>>> print(open('query_12.cif').read())   # mmCIF, C-alpha atoms
data_model
#
loop_
_atom_site.label_atom_id
_atom_site.label_comp_id
_atom_site.auth_asym_id
_atom_site.auth_seq_id
_atom_site.Cartn_x
_atom_site.Cartn_y
_atom_site.Cartn_z
CA MET J 1 18.46 -31.12 21.32
CA ALA J 2 18.29 -34.92 21.35
CA LYS J 3 20.36 -37.05 23.68
CA ILE J 4 21.87 -40.12 22.04
CA THR J 5 23.63 -42.65 24.26
CA PHE J 6 25.96 -45.16 22.64
CA MET J 7 26.50 -48.36 24.63
CA GLY J 8 29.75 -50.05 23.71
CA ALA J 9 31.36 -46.88 22.39
CA GLY J 10 34.60 -48.77 21.82
CA SER J 11 32.98 -50.41 18.80
CA THR J 12 35.41 -49.89 15.95
CA VAL J 13 32.75 -49.59 13.24
CA PHE J 14 29.33 -48.62 14.50
CA ALA J 15 30.33 -45.74 16.79
CA ARG J 16 32.04 -43.95 13.93
CA ASN J 17 29.41 -44.72 11.30
CA VAL J 18 26.22 -44.28 13.29
CA LEU J 19 27.27 -41.31 15.42
CA GLY J 20 29.00 -39.72 12.43
CA ASP J 21 25.66 -39.98 10.62
CA CYS J 22 23.90 -38.28 13.54
CA MET J 23 26.40 -35.41 13.58
CA ALA J 24 26.05 -35.09 9.80
CA SER J 25 22.27 -34.74 10.10
CA GLU J 26 20.86 -31.21 10.00
CA ILE J 27 18.24 -32.30 12.50
CA MET J 28 20.60 -33.90 15.02
CA ALA J 29 23.88 -32.06 14.52
CA ASP J 30 23.56 -30.34 17.93
CA SER J 31 22.73 -33.53 19.84
CA HIS J 32 24.25 -34.52 23.15
CA ILE J 33 26.16 -37.73 22.42
CA ALA J 34 26.96 -39.77 25.52
CA LEU J 35 29.60 -42.46 24.99
CA TYR J 36 29.58 -45.42 27.37
CA ASP J 37 32.10 -48.25 27.70
CA ILE J 38 33.76 -50.31 30.42
CA ASP J 39 37.19 -50.15 28.74
CA GLY J 40 38.90 -46.82 29.38
CA GLN J 41 41.36 -47.03 26.51
CA ARG J 42 38.74 -47.94 23.91
CA LEU J 43 36.46 -45.20 25.24
CA LYS J 44 39.28 -42.66 24.93
CA GLU J 45 40.03 -43.77 21.38
CA SER J 46 36.38 -43.51 20.32
CA GLU J 47 36.00 -40.09 21.90
CA THR J 48 39.10 -38.86 20.05
CA ILE J 49 37.85 -40.05 16.68
CA LEU J 50 34.30 -38.79 17.22
CA GLN J 51 35.55 -35.40 18.36
CA ALA J 52 37.57 -35.25 15.12
CA ILE J 53 34.44 -36.07 13.10
CA ASN J 54 32.43 -33.50 15.07
CA LYS J 55 35.11 -30.88 14.41
CA GLY J 56 35.04 -31.69 10.71
CA LEU J 57 31.25 -31.23 10.67
CA GLY J 58 31.24 -27.88 12.42
CA GLY J 59 31.55 -28.91 16.06
CA LYS J 60 27.85 -28.56 16.91
CA ALA J 61 27.46 -31.76 18.95
CA LYS J 62 28.19 -32.10 22.64
CA ILE J 63 30.17 -35.28 23.33
CA THR J 64 30.62 -36.73 26.81
CA ALA J 65 32.36 -39.96 27.88
CA HIS J 66 31.17 -42.22 30.70
CA LEU J 67 33.42 -45.02 31.94
CA GLY J 68 32.35 -48.09 33.88
CA VAL J 69 29.21 -49.54 35.40
CA GLU J 70 29.16 -46.90 38.15
CA ASN J 71 28.62 -44.18 35.50
CA ARG J 72 26.17 -46.06 33.31
CA LYS J 73 23.03 -44.37 34.63
CA ASP J 74 24.56 -40.95 34.03
CA ALA J 75 25.22 -41.94 30.42
CA LEU J 76 21.62 -43.10 30.01
CA ARG J 77 19.81 -40.45 32.04
CA GLY J 78 17.35 -38.51 29.90
CA ALA J 79 18.34 -40.24 26.68
CA ASP J 80 15.96 -40.14 23.73
CA PHE J 81 17.78 -42.89 21.84
CA VAL J 82 20.12 -45.61 23.05
CA ILE J 83 22.29 -47.37 20.48
CA ASN J 84 23.66 -50.75 21.47
CA ALA J 85 26.86 -52.12 19.90
CA ILE J 86 28.48 -53.99 22.77
CA GLN J 87 30.68 -57.06 22.46
CA VAL J 88 30.71 -58.84 25.80
CA GLY J 89 34.01 -60.63 26.33
CA LEU J 90 35.62 -58.94 23.31
CA TYR J 91 37.74 -60.80 20.77
CA ASP J 92 40.16 -61.91 23.49
CA PRO J 93 39.18 -64.03 25.32
CA CYS J 94 35.61 -64.82 24.33
CA THR J 95 35.60 -64.86 20.52
CA ILE J 96 38.78 -66.94 20.63
CA ILE J 97 37.03 -69.40 22.98
CA ASP J 98 33.97 -69.50 20.70
CA PHE J 99 36.18 -70.88 17.93
CA GLU J 100 38.88 -72.87 19.73
CA VAL J 101 36.64 -75.09 21.88
CA PRO J 102 34.34 -76.23 19.02
CA ASN J 103 37.43 -76.78 16.85
CA LYS J 104 38.63 -79.39 19.35
CA TYR J 105 35.45 -81.33 18.59
CA GLY J 106 35.89 -80.98 14.84
CA LEU J 107 33.14 -78.36 14.58
CA LYS J 108 34.18 -75.69 12.08
CA GLN J 109 32.67 -72.19 11.94
CA THR J 110 33.02 -69.08 9.79
CA ILE J 111 31.61 -66.10 11.76
CA ALA J 112 29.95 -67.67 14.85
CA ASP J 113 28.09 -64.56 16.01
CA THR J 114 24.50 -65.28 14.99
CA LEU J 115 23.72 -68.99 15.11
CA GLY J 116 25.72 -72.11 15.79
CA ILE J 117 27.34 -72.80 19.12
CA GLY J 118 29.34 -69.56 18.85
CA GLY J 119 26.16 -67.51 18.37
CA ILE J 120 24.39 -69.30 21.23
CA VAL J 121 27.19 -68.67 23.73
CA ARG J 122 27.63 -65.10 22.54
CA GLY J 123 23.93 -64.53 23.23
CA LEU J 124 24.11 -66.12 26.67
CA ARG J 125 26.98 -63.90 27.81
CA THR J 126 25.34 -60.76 26.38
CA ILE J 127 21.76 -61.06 27.68
CA PRO J 128 22.69 -60.46 31.37
CA VAL J 129 24.42 -57.20 30.41
CA MET J 130 21.46 -56.08 28.32
CA ALA J 131 19.14 -56.92 31.19
CA ASP J 132 21.16 -54.48 33.31
CA PHE J 133 20.85 -51.85 30.59
CA ALA J 134 17.09 -52.39 30.49
CA ARG J 135 16.69 -51.94 34.25
CA ASP J 136 18.66 -48.70 34.13
CA MET J 137 16.70 -47.43 31.12
CA GLU J 138 13.38 -48.18 32.76
CA GLU J 139 14.54 -45.98 35.65
CA VAL J 140 16.34 -43.04 34.01
CA CYS J 141 15.07 -42.88 30.38
CA PRO J 142 11.83 -44.89 30.22
CA LYS J 143 10.66 -43.29 26.97
CA ALA J 144 13.89 -43.91 25.04
CA TRP J 145 14.12 -46.15 22.00
CA PHE J 146 16.74 -48.91 22.13
CA LEU J 147 18.35 -49.47 18.72
CA ASN J 148 20.16 -52.79 18.84
CA TYR J 149 23.04 -53.55 16.48
CA THR J 150 24.63 -56.31 18.57
CA ASN J 151 24.59 -59.93 17.42
CA PRO J 152 23.11 -62.48 17.80
CA MET J 153 20.40 -60.09 16.65
CA SER J 154 17.33 -62.31 16.95
CA ILE J 155 18.25 -63.74 20.35
CA LEU J 156 19.11 -60.39 21.91
CA THR J 157 16.32 -58.33 20.34
CA GLY J 158 13.84 -61.11 21.07
CA TYR J 159 14.90 -61.09 24.71
CA MET J 160 14.54 -57.30 25.02
CA LEU J 161 11.09 -57.30 23.41
CA ARG J 162 9.73 -60.21 25.45
CA TYR J 163 11.32 -59.72 28.86
CA THR J 164 11.82 -55.96 29.32
CA GLY J 165 9.69 -52.85 29.06
CA VAL J 166 12.15 -51.09 26.76
CA LYS J 167 11.00 -49.98 23.31
CA THR J 168 13.35 -51.94 21.06
CA ILE J 169 14.09 -52.47 17.39
CA GLY J 170 16.92 -54.59 15.99
CA LEU J 171 18.89 -53.17 13.05
CA CYS J 172 21.14 -54.81 10.48
CA HIS J 173 22.48 -53.41 7.22
CA SER J 174 22.08 -56.67 5.32
CA VAL J 175 18.53 -55.74 4.25
CA GLN J 176 19.43 -52.55 2.41
CA ASP J 177 22.48 -54.23 0.84
CA CYS J 178 20.62 -57.31 -0.37
CA SER J 179 19.19 -56.67 -3.83
CA ASN J 180 21.78 -54.00 -4.60
CA SER J 181 24.74 -56.36 -4.15
CA LEU J 182 22.93 -59.20 -5.93
CA MET J 183 22.11 -57.15 -9.01
CA LYS J 184 25.58 -55.65 -9.27
CA SER J 185 27.18 -59.07 -8.95
CA LEU J 186 24.95 -60.45 -11.72
CA GLU J 187 25.64 -57.42 -13.96
CA MET J 188 22.02 -56.27 -13.76
CA SER J 189 22.69 -52.82 -12.28
CA ASP J 190 20.61 -51.21 -15.02
CA LYS J 191 17.53 -52.69 -13.32
CA LEU J 192 18.21 -51.16 -9.89
CA GLU J 193 16.63 -47.74 -10.33
CA GLY J 194 12.96 -47.74 -9.40
CA ARG J 195 12.95 -51.42 -8.41
CA LYS J 196 10.29 -52.81 -6.10
CA GLU J 197 11.16 -55.49 -3.57
CA LEU J 198 9.82 -57.42 -0.60
CA ILE J 199 12.19 -58.86 2.01
CA ALA J 200 10.97 -60.81 5.05
CA GLY J 201 12.13 -63.63 7.29
CA ILE J 202 14.58 -63.48 10.18
CA ASN J 203 17.82 -61.59 10.68
CA HIS J 204 20.63 -62.83 8.42
CA MET J 205 18.09 -65.09 6.72
CA GLY J 206 15.54 -62.65 5.41
CA TRP J 207 14.30 -63.69 2.00
CA LEU J 208 14.18 -61.58 -1.13
CA LEU J 209 10.63 -62.71 -1.86
CA GLU J 210 9.88 -60.33 -4.74
CA LEU J 211 12.04 -58.19 -7.00
CA MET J 212 10.54 -56.27 -9.90
CA ASP J 213 11.91 -53.56 -12.15
CA LYS J 214 10.35 -50.10 -12.38
CA ASP J 215 7.85 -51.39 -14.97
CA GLY J 216 6.66 -54.25 -12.76
CA ASN J 217 8.51 -57.06 -14.57
CA ASP J 218 9.59 -59.98 -12.40
CA LEU J 219 13.41 -60.09 -12.31
CA TYR J 220 13.72 -63.50 -10.67
CA PRO J 221 13.73 -65.66 -13.83
CA GLU J 222 16.79 -63.82 -15.15
CA ILE J 223 18.40 -63.75 -11.68
CA ARG J 224 18.01 -67.54 -11.38
CA ARG J 225 19.53 -68.08 -14.81
CA ARG J 226 22.53 -65.84 -14.21
CA ALA J 227 23.15 -67.09 -10.66
CA ALA J 228 23.25 -70.72 -11.81
CA ALA J 229 25.62 -69.82 -14.67
CA LYS J 230 27.93 -67.87 -12.34
CA ASN J 231 28.17 -70.72 -9.82
CA ALA J 232 28.90 -73.15 -12.66
CA SER J 233 31.64 -70.94 -14.09
CA GLY J 234 33.99 -70.97 -11.09
CA LYS J 235 34.62 -69.73 -7.56
CA HIS J 236 33.33 -66.36 -6.38
CA TRP J 237 32.46 -64.70 -3.05
CA ASP J 238 28.73 -65.53 -2.90
CA MET J 239 28.39 -69.15 -3.93
CA VAL J 240 26.32 -70.40 -0.98
CA ARG J 241 23.57 -67.85 -1.49
CA TYR J 242 23.50 -68.51 -5.22
CA ASP J 243 23.10 -72.18 -4.37
CA TYR J 244 20.13 -71.15 -2.19
CA ILE J 245 18.57 -69.58 -5.28
CA ASP J 246 19.03 -72.87 -7.13
CA LYS J 247 17.92 -75.22 -4.34
CA LEU J 248 15.39 -73.10 -2.41
CA GLY J 249 14.26 -70.70 -5.13
CA PHE J 250 15.16 -67.44 -3.39
CA TYR J 251 18.10 -65.25 -2.37
CA CYS J 252 18.65 -64.26 1.25
CA THR J 253 19.93 -61.15 2.98
CA GLU J 254 23.20 -62.06 4.69
CA SER J 255 26.51 -63.09 3.13
CA SER J 256 27.56 -66.54 2.03
CA GLU J 257 30.24 -66.80 4.73
CA HIS J 258 27.47 -66.38 7.31
CA ASN J 259 24.98 -68.67 5.62
CA ALA J 260 27.54 -71.42 5.11
CA GLU J 261 27.26 -72.21 8.85
CA TYR J 262 23.48 -71.73 9.18
CA ASN J 263 22.49 -75.14 7.81
CA PRO J 264 23.71 -78.77 7.63
CA TRP J 265 24.84 -78.71 3.99
CA TYR J 266 28.14 -76.95 3.28
CA ILE J 267 30.61 -77.38 6.17
CA LYS J 268 30.79 -81.16 6.59
CA SER J 269 33.71 -83.20 7.84
CA LYS J 270 32.51 -86.11 5.69
CA TYR J 271 32.70 -83.94 2.56
CA PRO J 272 35.66 -81.58 3.03
CA GLU J 273 35.73 -80.83 -0.70
CA LEU J 274 32.60 -78.69 -0.24
CA ILE J 275 34.68 -76.03 1.54
CA GLU J 276 36.73 -75.55 -1.61
CA LYS J 277 33.79 -75.96 -3.98
CA PHE J 278 31.74 -73.22 -2.31
CA ASN J 279 34.70 -70.99 -1.42
CA ILE J 280 33.89 -71.00 2.32
CA PRO J 281 36.26 -68.99 4.58
CA LEU J 282 36.55 -71.01 7.80
CA ASP J 283 37.58 -69.07 10.93
CA GLU J 284 36.84 -65.83 9.10
CA TYR J 285 35.64 -63.74 12.04
CA PRO J 286 38.86 -63.98 14.09
CA ARG J 287 40.82 -62.78 11.06
CA ARG J 288 38.48 -59.82 10.65
CA CYS J 289 38.75 -58.93 14.34
CA VAL J 290 42.56 -58.83 14.21
CA ALA J 291 42.58 -56.72 11.03
CA GLN J 292 39.92 -54.36 12.35
CA MET J 293 41.73 -53.78 15.64
CA ALA J 294 44.97 -52.99 13.78
CA HIS J 295 43.20 -50.52 11.47
CA TRP J 296 41.48 -48.81 14.41
CA ALA J 297 44.75 -48.44 16.33
CA LYS J 298 46.44 -46.90 13.29
CA GLU J 299 43.59 -44.44 12.74
CA TYR J 300 43.55 -43.40 16.41
CA ASN J 301 47.31 -42.92 16.59
CA GLU J 302 47.29 -40.69 13.53
CA LEU J 303 44.47 -38.53 14.88
CA ALA J 304 45.93 -38.33 18.39
CA ALA J 305 49.24 -37.13 16.94
CA THR J 306 47.79 -34.47 14.64
CA ALA J 307 44.49 -33.39 16.30
CA ALA J 308 43.15 -33.29 12.75
CA GLU J 309 39.58 -32.92 11.62
CA LYS J 310 38.08 -36.10 10.21
CA PRO J 311 35.62 -35.98 7.31
CA HIS J 312 32.48 -38.09 7.43
CA LYS J 313 30.26 -39.12 4.55
CA ARG J 314 26.86 -40.27 5.71
CA THR J 315 26.38 -44.04 5.52
CA HIS J 316 23.26 -46.07 4.84
CA GLU J 317 22.94 -47.37 8.42
CA TYR J 318 19.36 -47.09 9.62
CA ALA J 319 19.86 -45.52 13.07
CA ALA J 320 20.14 -41.82 12.15
CA PHE J 321 17.26 -42.12 9.66
CA ILE J 322 15.07 -43.67 12.37
CA MET J 323 15.83 -40.83 14.77
CA GLU J 324 15.04 -38.25 12.09
CA ALA J 325 11.73 -39.96 11.29
CA MET J 326 10.70 -40.07 14.94
CA ILE J 327 11.72 -36.45 15.57
CA THR J 328 10.20 -34.96 12.40
CA ASP J 329 7.26 -37.35 11.94
CA LYS J 330 8.29 -37.90 8.33
CA PRO J 331 7.64 -41.61 7.72
CA LEU J 332 10.51 -43.97 6.93
CA LYS J 333 10.30 -47.51 5.57
CA LEU J 334 12.99 -49.97 6.63
CA GLY J 335 13.68 -53.60 7.41
CA GLY J 336 13.59 -54.02 11.18
CA ASN J 337 13.73 -56.81 13.73
CA VAL J 338 10.54 -57.00 15.81
CA LEU J 339 8.32 -59.57 17.54
CA ASN J 340 6.32 -61.54 15.02
CA ASN J 341 2.82 -61.45 16.55
CA GLY J 342 1.23 -62.74 13.34
CA ILE J 343 3.19 -60.62 10.86
CA ILE J 344 4.58 -63.80 9.24
CA GLU J 345 1.75 -66.32 9.64
CA ASN J 346 3.81 -69.50 9.46
CA LEU J 347 6.34 -68.53 12.14
CA PRO J 348 5.61 -68.43 15.91
CA LYS J 349 4.23 -65.21 17.37
CA GLU J 350 7.14 -64.97 19.86
CA ALA J 351 9.79 -65.26 17.13
CA CYS J 352 11.93 -62.22 16.36
CA VAL J 353 11.41 -61.55 12.65
CA GLU J 354 12.93 -59.12 10.16
CA VAL J 355 10.16 -57.46 8.17
CA PRO J 356 9.27 -54.15 6.50
CA CYS J 357 8.43 -51.49 9.11
CA MET J 358 7.14 -47.93 8.96
CA VAL J 359 8.69 -45.47 11.41
CA ASP J 360 7.32 -42.08 12.50
CA ASN J 361 6.78 -40.25 15.78
CA TYR J 362 4.37 -42.99 16.87
CA GLY J 363 7.28 -45.43 16.82
CA VAL J 364 7.95 -48.60 14.82
CA ASN J 365 5.00 -50.15 13.00
CA PRO J 366 5.68 -53.56 11.39
CA CYS J 367 3.92 -54.37 8.11
CA TYR J 368 1.91 -57.56 7.62
CA VAL J 369 3.68 -60.09 5.36
CA GLY J 370 1.48 -63.22 5.37
CA ARG J 371 2.87 -66.69 4.73
CA LEU J 372 6.40 -67.38 3.56
CA PRO J 373 6.93 -70.14 0.99
CA VAL J 374 6.95 -73.32 3.07
CA GLN J 375 10.61 -74.19 2.44
CA LEU J 376 11.71 -70.70 3.53
CA ALA J 377 9.59 -70.76 6.68
CA ALA J 378 11.10 -74.17 7.46
CA MET J 379 14.63 -72.79 7.03
CA ASN J 380 13.81 -69.87 9.32
CA MET J 381 12.21 -72.21 11.84
CA THR J 382 15.45 -74.16 12.31
CA HIS J 383 16.91 -70.88 13.57
CA VAL J 384 13.87 -69.75 15.54
CA ASN J 385 13.98 -73.01 17.52
CA VAL J 386 17.51 -72.18 18.64
CA HIS J 387 16.66 -68.51 19.34
CA LEU J 388 13.73 -69.35 21.60
CA ILE J 389 15.54 -72.03 23.57
CA ALA J 390 18.66 -69.88 24.00
CA ILE J 391 16.47 -67.09 25.41
CA GLU J 392 14.83 -69.64 27.71
CA ALA J 393 18.28 -70.75 28.91
CA ALA J 394 19.22 -67.14 29.65
CA VAL J 395 16.00 -66.44 31.56
CA THR J 396 15.83 -69.69 33.57
CA LEU J 397 19.61 -70.33 33.90
CA LYS J 398 18.92 -74.02 33.25
CA LYS J 399 21.94 -75.72 31.70
CA GLU J 400 19.64 -78.29 30.08
CA HIS J 401 18.30 -75.54 27.82
CA VAL J 402 21.83 -74.59 26.75
CA TYR J 403 22.28 -78.22 25.72
CA HIS J 404 18.90 -78.15 23.93
CA ALA J 405 19.77 -75.01 21.95
CA ALA J 406 23.06 -76.55 20.81
CA MET J 407 21.40 -79.88 20.00
CA LEU J 408 18.89 -78.16 17.71
CA ASP J 409 21.41 -76.02 15.86
CA PRO J 410 21.42 -77.38 12.28
CA HIS J 411 25.19 -77.33 11.66
CA THR J 412 26.15 -78.60 15.12
CA ALA J 413 23.63 -81.44 14.98
CA ALA J 414 24.84 -82.51 11.54
CA GLU J 415 28.45 -82.85 12.74
CA LEU J 416 28.43 -84.01 16.37
CA SER J 417 26.81 -86.70 18.50
CA LEU J 418 24.53 -85.72 21.37
CA ASP J 419 27.18 -86.73 23.90
CA ASP J 420 29.81 -84.60 22.15
CA ILE J 421 27.43 -81.65 21.99
CA ARG J 422 26.83 -81.80 25.73
CA SER J 423 30.53 -82.19 26.43
CA MET J 424 31.35 -79.24 24.16
CA VAL J 425 28.79 -77.06 25.94
CA ASP J 426 30.32 -77.98 29.30
CA ASP J 427 33.78 -77.09 28.00
CA LEU J 428 32.57 -73.76 26.64
CA ILE J 429 30.91 -72.85 29.92
CA ASP J 430 34.06 -73.77 31.85
CA ALA J 431 36.32 -71.83 29.47
CA HIS J 432 34.16 -68.70 29.73
CA GLY J 433 34.33 -68.64 33.52
CA ASP J 434 32.75 -65.45 34.86
CA TRP J 435 31.82 -64.23 31.38
CA LEU J 436 28.77 -66.52 31.68
CA PRO J 437 26.28 -66.77 34.54
CA LYS J 438 26.13 -69.86 36.75
CA TYR J 439 23.69 -72.43 35.39
CA LYS J 440 21.52 -74.76 37.42
#
>>> encode(input="query_12.cif", output="structure tokens")
Amino acid sequence: MAKITFMGAGSTVFARNVLGDCMASEIMADSHIALYDIDGQRLKESETILQAINKGLGGKAKITAHLGVENRKDALRGADFVINAIQVGLYDPCTIIDFEVPNKYGLKQTIADTLGIGGIVRGLRTIPVMADFARDMEEVCPKAWFLNYTNPMSILTGYMLRYTGVKTIGLCHSVQDCSNSLMKSLEMSDKLEGRKELIAGINHMGWLLELMDKDGNDLYPEIRRRAAAKNASGKHWDMVRYDYIDKLGFYCTESSEHNAEYNPWYIKSKYPELIEKFNIPLDEYPRRCVAQMAHWAKEYNELAATAAEKPHKRTHEYAAFIMEAMITDKPLKLGGNVLNNGIIENLPKEACVEVPCMVDNYGVNPCYVGRLPVQLAAMNMTHVNVHLIAIEAAVTLKKEHVYHAAMLDPHTAAELSLDDIRSMVDDLIDAHGDWLPKYK
């Protein structure tokens, strides 16, 4: 029987999906699932929903709940796998701060959880908590694998891999969605079966480098033609990434609302018409948070009132498949976030990259990629610069490095002066209060 500990069990999406997948697995149906959170109400809600899923799947799993820092080691003790889906500071107050303070400076964001000033600050308030997790894991479950779903993926996973002894892989579902959603959107679904693809880069900006049909024919010429025609024909949900295909030559893994804020080109106060032209949803993440919390509350209230069983259809999230591969030694190929160490030759060795990996009972084995096209490596490097400096700020607690990370963010630098960037960072640190450490 495996022990699976879920950190941040109050997560409204990943706890249900990932742990539901584990309970739906023939191999892991009888696992001990330890739920950990610092919010008693959210922990109770998650336990209720997961017990309903467990009941619907035959009730084989053992589920325990562990509340608060004082019970964290008990949750982790003896774990084989630790899944991380925490959100330090929650929507209120910290996500609200991440948007409201930059807005005062005229800096607009869409999601603000991966890059940009929102992603930087989110990383800085999360790393100290993950450092605590790592110390506990090294003591009570030193052989466990840490499966990180929390954003900013590259900053947090990079920190864990470089500064702790915990075996870590970062996971994101954008890789397995990438070519599937692209081909369906371009009405090329008939080419999906048996396709061959190569995706590599960094999280949320991995590049679909190759896509061939089952007979080995290159699908990119037709993709480029259809993507250009679709962008020319009117507004749709993925215009930024289709513009990437036109301007950079390749499609990338994460959505257009994310990628709109990852560069200096689309959200510009000097050219406000670009927001409309590329159908960019400003302040999108706060809207999603509010809607998600309302849906979760409704679902919990219905289950609490009826004590009903809850069906679960297995998702395509990687976590349960990774656990199965490690337990059974049946190899699995996936896109994972790991330290570069020469896998992508034209990115730094200490960068956290998202590349094909093979998983079995020996662990996670990244696959060599080689060199990215120079324009794609350059795009990734604008992010890697911010990742590495944000990690440095978290490790050294030097405020100057927080300034440096913000100064080098592509969107922030395109919109604000250096003096405004420093002032905005100061305001964000003040507004976060004890949610951030004290900087020198």
>>> closest_residue(input="query_12.cif", among="J:Ile127, J:Leu171, J:Ala378, J:Ala228", to="Val395 of chain J", atoms="only C-alpha atoms")
J:Ile127
>>> resolve_selection(input="query_12.cif", expression="the PyMOL selection byres ((chain J and resi 38-49) around 6)", output="JSON, numbers by chain")
{"J": [10, 37, 50, 51, 52, 67, 68]}
>>> write_last_selection(input="query_12.cif", atoms="C-alpha atoms", output="CSV table (one decimal), keeping the file's coordinate frame")
chain,number,residue,atom,x,y,z
J,10,GLY,CA,34.6,-48.8,21.8
J,37,ASP,CA,32.1,-48.2,27.7
J,50,LEU,CA,34.3,-38.8,17.2
J,51,GLN,CA,35.6,-35.4,18.4
J,52,ALA,CA,37.6,-35.2,15.1
J,67,LEU,CA,33.4,-45.0,31.9
J,68,GLY,CA,32.4,-48.1,33.9
>>> atom_distance(input="query_12.cif", atom1="atom CA of Ala305 of chain J", atom2="atom CA of Leu19 of chain J")
22.4 Å
>>> closest_atom_pairs(input="query_12.cif", of="segment 403-436 of chain J", to="segment 241-261 of chain J", cutoff="12 Å", atoms="only C-alpha atoms", output="JSON lines")
{"residue": "J:Asp409", "atom": "CA", "partner": "J:Glu261", "partner_atom": "CA", "distance": 9.9}
{"residue": "J:Pro410", "atom": "CA", "partner": "J:Glu261", "partner_atom": "CA", "distance": 8.5}
{"residue": "J:His411", "atom": "CA", "partner": "J:Glu261", "partner_atom": "CA", "distance": 6.2}
{"residue": "J:Thr412", "atom": "CA", "partner": "J:Glu261", "partner_atom": "CA", "distance": 9.0}
{"residue": "J:Ala413", "atom": "CA", "partner": "J:Glu261", "partner_atom": "CA", "distance": 11.7}
{"residue": "J:Ala414", "atom": "CA", "partner": "J:Glu261", "partner_atom": "CA", "distance": 10.9}
{"residue": "J:Glu415", "atom": "CA", "partner": "J:Glu261", "partner_atom": "CA", "distance": 11.4}
>>> resolve_selection(input="query_12.cif", expression="the PyMOL selection byres ((chain J and resi 98-106) around 7)", output="MDAnalysis selection string")
chainID J and resid 94:97 107:108 118 424 428
>>> atom_distance(input="query_12.cif", atom1="atom CA of Leu436 of chain J", atom2="atom CA of Leu124 of chain J")
6.9 Å
>>> build_atoms(input="query_12.cif", residues="segment 166-177 of chain J", atoms="N, CA and C atoms", output="PDB file, in the frame of the given file")
ATOM      1  N   VAL J 166      11.455 -52.069  27.596  1.00  0.00           N
ATOM      2  CA  VAL J 166      12.150 -51.090  26.760  1.00  0.00           C
ATOM      3  C   VAL J 166      11.675 -51.178  25.314  1.00  0.00           C
ATOM      4  N   LYS J 167      11.386 -50.028  24.723  1.00  0.00           N
ATOM      5  CA  LYS J 167      11.000 -49.980  23.310  1.00  0.00           C
ATOM      6  C   LYS J 167      12.223 -50.301  22.462  1.00  0.00           C
ATOM      7  N   THR J 168      12.158 -51.393  21.716  1.00  0.00           N
ATOM      8  CA  THR J 168      13.350 -51.940  21.060  1.00  0.00           C
ATOM      9  C   THR J 168      13.086 -52.252  19.603  1.00  0.00           C
ATOM     10  N   ILE J 169      14.069 -51.969  18.763  1.00  0.00           N
ATOM     11  CA  ILE J 169      14.090 -52.470  17.390  1.00  0.00           C
ATOM     12  C   ILE J 169      15.513 -52.949  17.098  1.00  0.00           C
ATOM     13  N   GLY J 170      15.625 -54.061  16.396  1.00  0.00           N
ATOM     14  CA  GLY J 170      16.920 -54.590  15.990  1.00  0.00           C
ATOM     15  C   GLY J 170      17.236 -54.145  14.568  1.00  0.00           C
ATOM     16  N   LEU J 171      18.492 -53.743  14.348  1.00  0.00           N
ATOM     17  CA  LEU J 171      18.890 -53.170  13.050  1.00  0.00           C
ATOM     18  C   LEU J 171      20.092 -53.898  12.479  1.00  0.00           C
ATOM     19  N   CYS J 172      20.036 -54.152  11.182  1.00  0.00           N
ATOM     20  CA  CYS J 172      21.140 -54.810  10.480  1.00  0.00           C
ATOM     21  C   CYS J 172      21.192 -54.257   9.067  1.00  0.00           C
ATOM     22  N   HIS J 173      22.403 -54.010   8.547  1.00  0.00           N
ATOM     23  CA  HIS J 173      22.480 -53.410   7.220  1.00  0.00           C
ATOM     24  C   HIS J 173      22.368 -54.419   6.086  1.00  0.00           C
ATOM     25  N   SER J 174      22.158 -55.687   6.404  1.00  0.00           N
ATOM     26  CA  SER J 174      22.080 -56.670   5.320  1.00  0.00           C
ATOM     27  C   SER J 174      20.828 -56.501   4.466  1.00  0.00           C
ATOM     28  N   VAL J 175      19.758 -55.911   5.038  1.00  0.00           N
ATOM     29  CA  VAL J 175      18.530 -55.740   4.250  1.00  0.00           C
ATOM     30  C   VAL J 175      18.743 -54.735   3.125  1.00  0.00           C
ATOM     31  N   GLN J 176      19.290 -53.557   3.467  1.00  0.00           N
ATOM     32  CA  GLN J 176      19.430 -52.550   2.410  1.00  0.00           C
ATOM     33  C   GLN J 176      20.525 -52.889   1.414  1.00  0.00           C
ATOM     34  N   ASP J 177      21.432 -53.805   1.771  1.00  0.00           N
ATOM     35  CA  ASP J 177      22.480 -54.230   0.840  1.00  0.00           C
ATOM     36  C   ASP J 177      22.028 -55.347  -0.101  1.00  0.00           C
TER      37      ASP J 177
END
